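Participant: Quick one: the structure is below, and I'll ask about it shortly.
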Number of protein chains: 2
Amino acid sequence: MNKNIVIIGAVSLGPKAAARLKRLQPDARVTMVDQENLVSYSCGGIPMFLSGDISEPEGLITNNFQTLRYEKYYTHVLDVTLLRNTRALKIDRQKKEVLIQSLPNGKQEVLPYDNLVVATGKRPKPFTVPGFDLPGVLDVYSLKNAAAVKERIVKEGVEKAVIIGGGFTGLETAQSLMEMWGIQTTVVEMSDQLLPGYLSLNMAAALRRHVEDKGLIVRTGAKVLRLEGNGSVQRVVTDKGTIETDLVIVATGVEPNSDLAREAGLEVSPGGAIVVNKRMQTSDPLIYAGGDCVEIPNLVTGRPGYFPWPSLAQRQGRVIGTNLAGEKAEFKGAVGNFAAKFFDKSVACAGLNIAAAGREGFDAVNIMVSQLERAHFWPVKDFMFLDLVVEKETGTVLGIQGMADSGDGLVGRINTVAAILESKPTASDIGNLEIAYSPQFSGAMDIVNTLGNYAENVILGKGATINADELQKILHDKDNKDWVVIDARFDHEAEPYVQKNPGIWKNISVTEVLARKDEIPRDKKIILLCKTGERSYDFQVVVNQMGIKENYNLQGGVLFLWRLGVISESGDLGD
Amino acid sequence: MNKNIVIIGAVSLGPKAAARLKRLQPDARVTMVDQENLVSYSCGGIPMFLSGDISEPEGLITNNFQTLRYEKYYTHVLDVTLLRNTRALKIDRQKKEVLIQSLPNGKQEVLPYDNLVVATGKRPKPFTVPGFDLPGVLDVYSLKNAAAVKERIVKEGVEKAVIIGGGFTGLETAQSLMEMWGIQTTVVEMSDQLLPGYLSLNMAAALRRHVEDKGLIVRTGAKVLRLEGNGSVQRVVTDKGTIETDLVIVATGVEPNSDLAREAGLEVSPGGAIVVNKRMQTSDPLIYAGGDCVEIPNLVTGRPGYFPWPSLAQRQGRVIGTNLAGEKAEFKGAVGNFAAKFFDKSVACAGLNIAAAGREGFDAVNIMVSQLERAHFWPVKDFMFLDLVVEKETGTVLGIQGMADSGDGLVGRINTVAAILESKPTASDIGNLEIAYSPQFSGAMDIVNTLGNYAENVILGKGATINADELQKILHDKDNKDWVVIDARFDHEAEPYVQKNPGIWKNISVTEVLARKDEIPRDKKIILLCKTGERSYDFQVVVNQMGIKENYNLQGGVLFLWRLGVISESGDLGD
């Protein structure tokens, strides 16, 4: 009892661990140090601070009941000593001491500990292209740095900005700059898609289309060679051309900030993350660590994963607090479950996308469906796209992702599948997931169930599929003689498409599939499609039954082609 | 191959089984019979048909692509023979035949089968109070019956209606009658709450308050003795008084329609449900049954359950179709997962409520929290209430329910917990559920996580709680000398409450809890509260630490008291 607890880092995990411990053991002596002045803030709100929805940094430092956390809460409610602007210089595990230094006055002091919590968080990955240190090259990975960006915008009158990195942080930052400040913004991404590692190629392409419609300039597959400028950054030079700019935000990702732990001899992974057990203890059982500086089990792959996400830091902080109080708690890991809204489209994803599944050694396919979010007879018509990643051999689901206008409905569905991902569900389990049915919230066969059932059909070989990008190539191939598209929609829906795409585009409504069987060509490879893929699947049953081998149902249907701009609603081919 | 399949019943499960079978085995010969003219409709849409949002019954018989299912789909796409207005009279299991009769011409015929599917659905529970057969006494449990209600409203000009039964069907019907037709509507419910069997007493009281605010008259704890009227129903006589009316809708629940199966010697449960195995086979393995006429495992209790819900019928239909095609599929059961919206409030629930848990022999508690649905700094402020039912001894979660304005967010969270209910999660598992974090969709500690953590704290004895109805009694007890309320909100929030409730209501802001410890009375039982219960929980830690035993944190906070009308936002006591 009356143990001395020292916590290094006071953004997310540290404060949560402190609060939990003090609630369980009010007489514990807790000292929390952080080298910054701004602490105990909601990292997830940085885009809102940048966009101006939250005007002052302090807006992210209040809690639910509008109390500045560090002003009153730690001292007057929790009785925790909070030392801001104080850097931890060294952990002496033999003496069980931490050497700290006050940054304002340089004074050093030694804090003895019975238990120590290392919550040193993340830092930007090294970004060292020539010109990286020019004024006007900033990042938004901390509230302090985000405040510097905002200050520059206000003081310097930024007209153009380049964001390096098309991940969550990059896109959120781009949206903030555009919506609030009217800045002409370009995102430069090295890989060939936005949100690499999260979205499938096709889903990312649909998102790209949307953000471009909103005015964001996107350059994928472009490597930044150097930054140039006179006094401050003026140009981003890439291998695909040069972009004029007044501001560069580096959003190329983060890495664990584990130097202090490493120097103290604690075990650190090759990737730089502190290694912890399920109780969040480091290789020194007196020292706990958690949040953005540790690795945790990836519950899909079974291997260590790095998930620098504030919600996970909170949960880990609670586990550490419980363990510090002498009780037993474990944090089992994460599947990775993310959501964001970019302009009018929400995206969410859990587990592995198809590319990540491949990298992890799985032989997997991804299956996409589009369906109304609510019952088909409900007056509000929101379409949703969901994509399921399934291991071919076993039918095990490895991940799910989606895009929709209605974010709450999408996120709810991704959460639902995320909750069972660690138990290795099969596609069939997803088909039978017990989604509450009420017409205003779901279909009797909800899109999640359709997705699972369809994925099961595909991996059992009951119907081959084709993706939008593959169809796009075929449609643009002027020499095509092998392929024909059969549009299973009604005549009035299909007619403009047939007229504008002569030769390749034929129409046989699904309701005539049996009567007009003989018109189905036997000498071509067939792409079947309808608005969503549902009617064309019924059509495909007949085509398969006829013994025509090369036939493919378009995933996501014409609706998804529209979202990609592959074809317009009036049947005109896009670029 | 080329087996004869006969399906009795063509509303939900029958058509799904037929479609699935034909997609897997296009050469199967399928005959589906139904005694009604209206078949293959979306039962879930009956309230919308009643309200006039869907004008004709056919509006519920189209599918996603606006095809009347029975006109074209069965014949022209699936090649299924559909016999409407045809009653199955007898199953002869020896001869493997079904005797059917055409209702229009009385002609009988024998259909031989290799496999039979019994999908005879549900029927209203017997309602036999005197006057039950008066004209104007109707139900809405089938589209045909709902059409009769609508016809009566249009032709007879109904001004007042009484709904007998305050379950989902009763409340949905009440809303339809009120919103579309302006009918003064009274719901009479025998038990002491709305949605008995689904919501907790307190959650139901909050819903009741809302529907009453919208104009619905609610009479709970009232038993209908008889219906009276001259030529048609005019009065509902209950043990709590008589209600004048032009129309009575009996919504007292349904039971399995299993006569045909019973007469054929198939095993039927004491409750009248056909008994099936996981492959949905009856006691005669050649005969399958599913949907509203069977019982399925309740995955929370492990005992048979009756869940007459169209979404479950769909899933079971697919399982039957797969098995009919010679493949293997199983339906494992359900936890019971329901959602609905009544006026501006959505409710959803999965698993057992506290009363049902008690009936099933569990020693359980229910824990409620209120929290913002999104991050506290996100500008849209939707509060959500969630209630978790937990077994005391083991911490096992038995059920969850909630109420919110934002239905999609609520339903998503209930779905998420429902998905893992069968795996017997603990409160701690709910506290660690990986809800995707993004400020516009959730908190870093989402309400689901708060709920799990709080429930864990309560069952581990870290803080006793009190419910709104118990507090209400204390506040109305003029002789109270034992209890004091300590309001942990800020002074400006608490002041009117202190003034208007002298003696009992004291204010010590949580930020002063340590400084003003001595003002906490040691000679009274203490109720702690704040807006949501969060600040008062931090307060409770201190009170516990002081050794004051009788102290209770108000579940759901002042916010929930407002919703119940226990106290107004300006501190006035309600009725």
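Within each chain, counting starts at residue 1; across the structure tokens, chains are named A, B, ... in the order shown, with ligands numbered 1 upward in that order.
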For Thr322 in chain A, work out the shell of residues within 10 Å, counting only C-alpha atoms and skipping chain neighbours fewer than 2 positions away, then give it as a PyMOL selection string.

Facilitator: chain A and resi 17-25+279+316-320+324-330

Participant: As a PyMOL selection string, please: every residue in range 287-532 of chain B that DSSP puts in strand (DSSP E).

Facilitator: chain B and resi 287-289+294-297+304-305+337-342+345-351+364-372+383-391+397-404+464-466+483-487+505-507+525-529

Participant: Counting only C-alpha atoms, which residues of chain A fall within 6 Å of chain B, and what is the closest atom pair for each with its distance in Å at one decimal, ordered by chain and rising number, as JSON lines?

Facilitator:
{"residue": "A:Arg23", "atom": "CA", "partner": "B:Val541", "partner_atom": "CA", "distance": 5.9}
{"residue": "A:Asn64", "atom": "CA", "partner": "B:His376", "partner_atom": "CA", "distance": 5.5}
{"residue": "A:His76", "atom": "CA", "partner": "B:Thr511", "partner_atom": "CA", "distance": 5.5}
{"residue": "A:Val77", "atom": "CA", "partner": "B:Thr511", "partner_atom": "CA", "distance": 5.5}
{"residue": "A:Ser311", "atom": "CA", "partner": "B:Ala444", "partner_atom": "CA", "distance": 4.3}
{"residue": "A:Asn337", "atom": "CA", "partner": "B:Ala436", "partner_atom": "CA", "distance": 4.9}
{"residue": "A:Phe338", "atom": "CA", "partner": "B:Ala436", "partner_atom": "CA", "distance": 4.9}
{"residue": "A:Ala339", "atom": "CA", "partner": "B:Ala436", "partner_atom": "CA", "distance": 5.8}
{"residue": "A:Ala340", "atom": "CA", "partner": "B:Ser438", "partner_atom": "CA", "distance": 5.9}
{"residue": "A:His376", "atom": "CA", "partner": "B:Asn64", "partner_atom": "CA", "distance": 5.4}
{"residue": "A:Asp408", "atom": "CA", "partner": "B:Gly409", "partner_atom": "CA", "distance": 5.1}
{"residue": "A:Gly409", "atom": "CA", "partner": "B:Asp408", "partner_atom": "CA", "distance": 5.1}
{"residue": "A:Gly412", "atom": "CA", "partner": "B:Gly412", "partner_atom": "CA", "distance": 3.6}
{"residue": "A:Asn415", "atom": "CA", "partner": "B:Ile435", "partner_atom": "CA", "distance": 5.7}
{"residue": "A:Thr416", "atom": "CA", "partner": "B:Thr416", "partner_atom": "CA", "distance": 4.0}
{"residue": "A:Ile435", "atom": "CA", "partner": "B:Asn415", "partner_atom": "CA", "distance": 5.7}
{"residue": "A:Ala436", "atom": "CA", "partner": "B:Phe338", "partner_atom": "CA", "distance": 4.9}
{"residue": "A:Ser438", "atom": "CA", "partner": "B:Ala339", "partner_atom": "CA", "distance": 5.8}
{"residue": "A:Ala444", "atom": "CA", "partner": "B:Ser311", "partner_atom": "CA", "distance": 4.3}
{"residue": "A:Thr511", "atom": "CA", "partner": "B:Val77", "partner_atom": "CA", "distance": 5.5}
{"residue": "A:Val541", "atom": "CA", "partner": "B:Arg23", "partner_atom": "CA", "distance": 5.8}

Participant: Selection from above, C-alpha atoms, as a CSV table (one decimal), in the first residue's frame, can you write it?

Facilitator:
chain,number,residue,atom,x,y,z
A,23,ARG,CA,-10.2,4.9,-8.1
A,64,ASN,CA,-17.1,15.2,-20.6
A,76,HIS,CA,-8.6,18.1,-6.8
A,77,VAL,CA,-10.4,14.9,-7.7
A,311,SER,CA,-9.1,4.0,-28.0
A,337,ASN,CA,-10.9,-1.5,-36.2
A,338,PHE,CA,-10.9,2.0,-37.8
A,339,ALA,CA,-13.5,4.5,-39.0
A,340,ALA,CA,-13.4,7.9,-40.5
A,376,HIS,CA,-35.8,-2.1,-49.7
A,408,ASP,CA,-23.3,5.3,-38.1
A,409,GLY,CA,-24.9,2.3,-39.9
A,412,GLY,CA,-22.1,-0.4,-36.5
A,415,ASN,CA,-18.0,-3.1,-35.2
A,416,THR,CA,-20.2,-6.2,-35.2
A,435,ILE,CA,-28.4,-8.4,-37.0
A,436,ALA,CA,-31.5,-6.8,-35.4
A,438,SER,CA,-36.4,-3.4,-38.4
A,444,ALA,CA,-34.4,-8.9,-43.2
A,511,THR,CA,-37.0,-12.0,-65.6
A,541,VAL,CA,-27.1,-19.6,-61.8

Participant: Which residues, written as a ChimeraX atom specification, have at least one atom at most 8 Å from Asp405 in chain B, with only C-alpha atoms counted and residues fewer than 4 positions away on the same chain left out?

Facilitator: /B:344-346,382-384

Participant: Residues near Val140 in chain B, anyone? I mean within 10 Å using only C-alpha atoms, not counting same-chain ones fewer than 5 positions away, as a PyMOL selection string.

Facilitator: chain B and resi 43+46-47+50+124+145-150+169-170+173+249-251

Participant: Could you pull out the residues in range 312-546 of chain B that DSSP calls helix (DSSP H, G or I) from the backbone, as an MDAnalysis selection string?

Facilitator: chainID B and resid 312:324 354:359 407:421 427:431 447:459 468:476 491:500 510:512 517:519 534:545

Participant: Identify which of the residues A:Asn2, A:Thr120, A:Asn202, A:Asn277 lies closest to Leu386 in chain A, counting only C-alpha atoms when measuring atom-to-atom distances.

Facilitator: A:Asn202

Participant: Can you tell me, as a list in words, what residues are no more than 9 Å from range 195-200 of chain A when counting only C-alpha atoms, ignoring any on the same chain fewer than 5 positions away?

Facilitator: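 My reading of the contact set: Gly165, Gly166, Gly167, Phe168, Leu171, Ala205, Phe338, Val347, Ala348, Cys349, Ala350, Gly351, Leu352, Asn353, Ile354, Ala355, Ala356, Asn366, Asp387, Gln401 and Gly402 of chain A.
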
Participant: Quick one: residues within 8 Å of range 218-223 of chain A, only C-alpha atoms counted, chain neighbours fewer than 6 positions away excluded, as a list in words?

Facilitator: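 In the requested form, the answer reads Thr186, Val187, Val188, Glu189, Met190, Ser191, Asp192, Gln193, Leu194, Arg208, Glu212, Thr238, Asp239 and Lys240 of chain A.
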
Participant: Write out as a PyMOL selection string each polymer residue whose atoms come within 12 Å of Val294 in chain B, counting only C-alpha atoms; drop sequence neighbours fewer than 2 positions from it.

Facilitator: chain B and resi 13+117-122+255-259+261-262+266-278+280-282+288-292+296-297+304-309+312-313+316+333

Participant: Could the residues in this selection be written to a file with N, CA and C atoms, as a short mmCIF file (atom, residue, chain, number, x, y, z; two decimals), in the first residue's frame?

Facilitator:
data_model
loop_
_atom_site.label_atom_id
_atom_site.label_comp_id
_atom_site.auth_asym_id
_atom_site.auth_seq_id
_atom_site.Cartn_x
_atom_site.Cartn_y
_atom_site.Cartn_z
N LEU B 13 -39.95 -17.78 -44.95
CA LEU B 13 -39.04 -18.91 -44.99
C LEU B 13 -39.21 -19.74 -46.25
N VAL B 117 -41.24 -29.12 -46.84
CA VAL B 117 -40.88 -28.01 -45.94
C VAL B 117 -42.16 -27.47 -45.33
N VAL B 118 -42.22 -27.48 -44.01
CA VAL B 118 -43.38 -26.92 -43.31
C VAL B 118 -43.03 -25.50 -42.86
N ALA B 119 -43.69 -24.54 -43.47
CA ALA B 119 -43.44 -23.14 -43.15
C ALA B 119 -44.78 -22.46 -42.91
N THR B 120 -45.50 -23.04 -41.95
CA THR B 120 -46.87 -22.61 -41.73
C THR B 120 -46.98 -21.39 -40.82
N GLY B 121 -45.84 -20.92 -40.33
CA GLY B 121 -45.82 -19.62 -39.66
C GLY B 121 -46.54 -19.54 -38.34
N LYS B 122 -47.04 -18.37 -38.06
CA LYS B 122 -47.62 -18.06 -36.75
C LYS B 122 -49.10 -17.73 -36.91
N GLU B 255 -48.51 -17.32 -31.69
CA GLU B 255 -48.05 -18.66 -31.33
C GLU B 255 -47.81 -19.44 -32.62
N PRO B 256 -47.06 -20.53 -32.53
CA PRO B 256 -46.75 -21.29 -33.75
C PRO B 256 -48.03 -21.89 -34.35
N ASN B 257 -48.08 -21.88 -35.64
CA ASN B 257 -49.20 -22.49 -36.37
C ASN B 257 -48.77 -23.89 -36.79
N SER B 258 -48.96 -24.83 -35.88
CA SER B 258 -48.33 -26.13 -36.09
C SER B 258 -49.34 -27.29 -36.20
N ASP B 259 -50.62 -26.97 -36.40
CA ASP B 259 -51.65 -28.02 -36.42
C ASP B 259 -51.34 -29.11 -37.46
N ALA B 261 -48.56 -30.02 -38.78
CA ALA B 261 -47.42 -30.84 -38.38
C ALA B 261 -47.81 -31.81 -37.27
N ARG B 262 -48.57 -31.31 -36.29
CA ARG B 262 -48.99 -32.14 -35.17
C ARG B 262 -49.85 -33.29 -35.67
N LEU B 266 -45.70 -35.24 -36.30
CA LEU B 266 -44.37 -34.67 -36.08
C LEU B 266 -44.27 -34.18 -34.64
N GLU B 267 -43.06 -34.20 -34.09
CA GLU B 267 -42.89 -33.78 -32.70
C GLU B 267 -43.12 -32.28 -32.56
N VAL B 268 -43.94 -31.94 -31.58
CA VAL B 268 -44.28 -30.55 -31.32
C VAL B 268 -44.06 -30.29 -29.84
N SER B 269 -43.52 -29.13 -29.50
CA SER B 269 -43.22 -28.81 -28.10
C SER B 269 -44.50 -28.53 -27.32
N PRO B 270 -44.40 -28.53 -25.97
CA PRO B 270 -45.58 -28.18 -25.16
C PRO B 270 -46.15 -26.82 -25.55
N GLY B 271 -45.29 -25.89 -25.96
CA GLY B 271 -45.77 -24.57 -26.37
C GLY B 271 -46.34 -24.54 -27.77
N GLY B 272 -46.32 -25.68 -28.44
CA GLY B 272 -46.94 -25.74 -29.76
C GLY B 272 -45.99 -25.52 -30.92
N ALA B 273 -44.69 -25.43 -30.65
CA ALA B 273 -43.73 -25.21 -31.74
C ALA B 273 -43.21 -26.55 -32.27
N ILE B 274 -43.03 -26.61 -33.57
CA ILE B 274 -42.47 -27.81 -34.17
C ILE B 274 -41.01 -27.94 -33.72
N VAL B 275 -40.63 -29.15 -33.34
CA VAL B 275 -39.26 -29.39 -32.87
C VAL B 275 -38.38 -29.74 -34.06
N VAL B 276 -37.28 -29.04 -34.21
CA VAL B 276 -36.35 -29.31 -35.31
C VAL B 276 -34.93 -29.45 -34.77
N ASN B 277 -34.08 -30.11 -35.53
CA ASN B 277 -32.67 -30.18 -35.17
C ASN B 277 -31.93 -29.02 -35.83
N LYS B 278 -30.60 -29.01 -35.71
CA LYS B 278 -29.84 -27.86 -36.23
C LYS B 278 -29.90 -27.76 -37.74
N MET B 280 -32.57 -28.15 -39.25
CA MET B 280 -33.97 -27.73 -39.44
C MET B 280 -34.85 -28.89 -39.90
N GLN B 281 -34.43 -30.12 -39.55
CA GLN B 281 -35.27 -31.29 -39.83
C GLN B 281 -36.20 -31.55 -38.65
N THR B 282 -37.42 -31.91 -38.95
CA THR B 282 -38.37 -32.29 -37.91
C THR B 282 -38.06 -33.71 -37.45
N TYR B 288 -38.62 -30.84 -43.36
CA TYR B 288 -37.98 -29.69 -42.73
C TYR B 288 -39.05 -28.71 -42.24
N ALA B 289 -38.71 -27.94 -41.24
CA ALA B 289 -39.61 -26.86 -40.82
C ALA B 289 -38.77 -25.71 -40.31
N GLY B 290 -39.32 -24.52 -40.38
CA GLY B 290 -38.58 -23.35 -39.91
C GLY B 290 -39.45 -22.12 -39.88
N GLY B 291 -38.88 -21.06 -39.34
CA GLY B 291 -39.61 -19.79 -39.26
C GLY B 291 -40.49 -19.74 -38.03
N ASP B 292 -41.64 -19.10 -38.16
CA ASP B 292 -42.47 -18.79 -36.99
C ASP B 292 -43.22 -19.99 -36.43
N ILE B 296 -36.29 -22.74 -31.69
CA ILE B 296 -34.86 -22.84 -31.98
C ILE B 296 -34.11 -22.62 -30.67
N PRO B 297 -32.85 -23.03 -30.59
CA PRO B 297 -32.12 -22.82 -29.34
C PRO B 297 -31.96 -21.33 -29.01
N PRO B 304 -34.72 -24.19 -25.42
CA PRO B 304 -35.45 -23.83 -26.65
C PRO B 304 -36.11 -22.46 -26.51
N GLY B 305 -36.13 -21.72 -27.58
CA GLY B 305 -36.73 -20.40 -27.59
C GLY B 305 -37.67 -20.24 -28.77
N TYR B 306 -38.54 -19.26 -28.66
CA TYR B 306 -39.47 -18.99 -29.77
C TYR B 306 -39.24 -17.56 -30.24
N PHE B 307 -38.72 -17.40 -31.43
CA PHE B 307 -38.35 -16.09 -31.96
C PHE B 307 -39.01 -15.88 -33.32
N PRO B 308 -40.28 -15.49 -33.35
CA PRO B 308 -40.97 -15.35 -34.64
C PRO B 308 -40.59 -14.05 -35.31
N TRP B 309 -39.43 -14.00 -35.95
CA TRP B 309 -38.89 -12.76 -36.50
C TRP B 309 -38.48 -13.03 -37.95
N LEU B 312 -34.85 -14.02 -38.92
CA LEU B 312 -34.42 -15.37 -38.56
C LEU B 312 -35.04 -16.41 -39.50
N ALA B 313 -36.28 -16.15 -39.92
CA ALA B 313 -36.92 -17.04 -40.88
C ALA B 313 -36.11 -17.09 -42.19
N GLN B 316 -33.00 -19.20 -41.63
CA GLN B 316 -33.36 -20.62 -41.55
C GLN B 316 -33.77 -21.15 -42.93
N GLY B 333 -29.18 -21.20 -33.74
CA GLY B 333 -30.10 -20.59 -32.78
C GLY B 333 -30.00 -19.09 -32.79
#
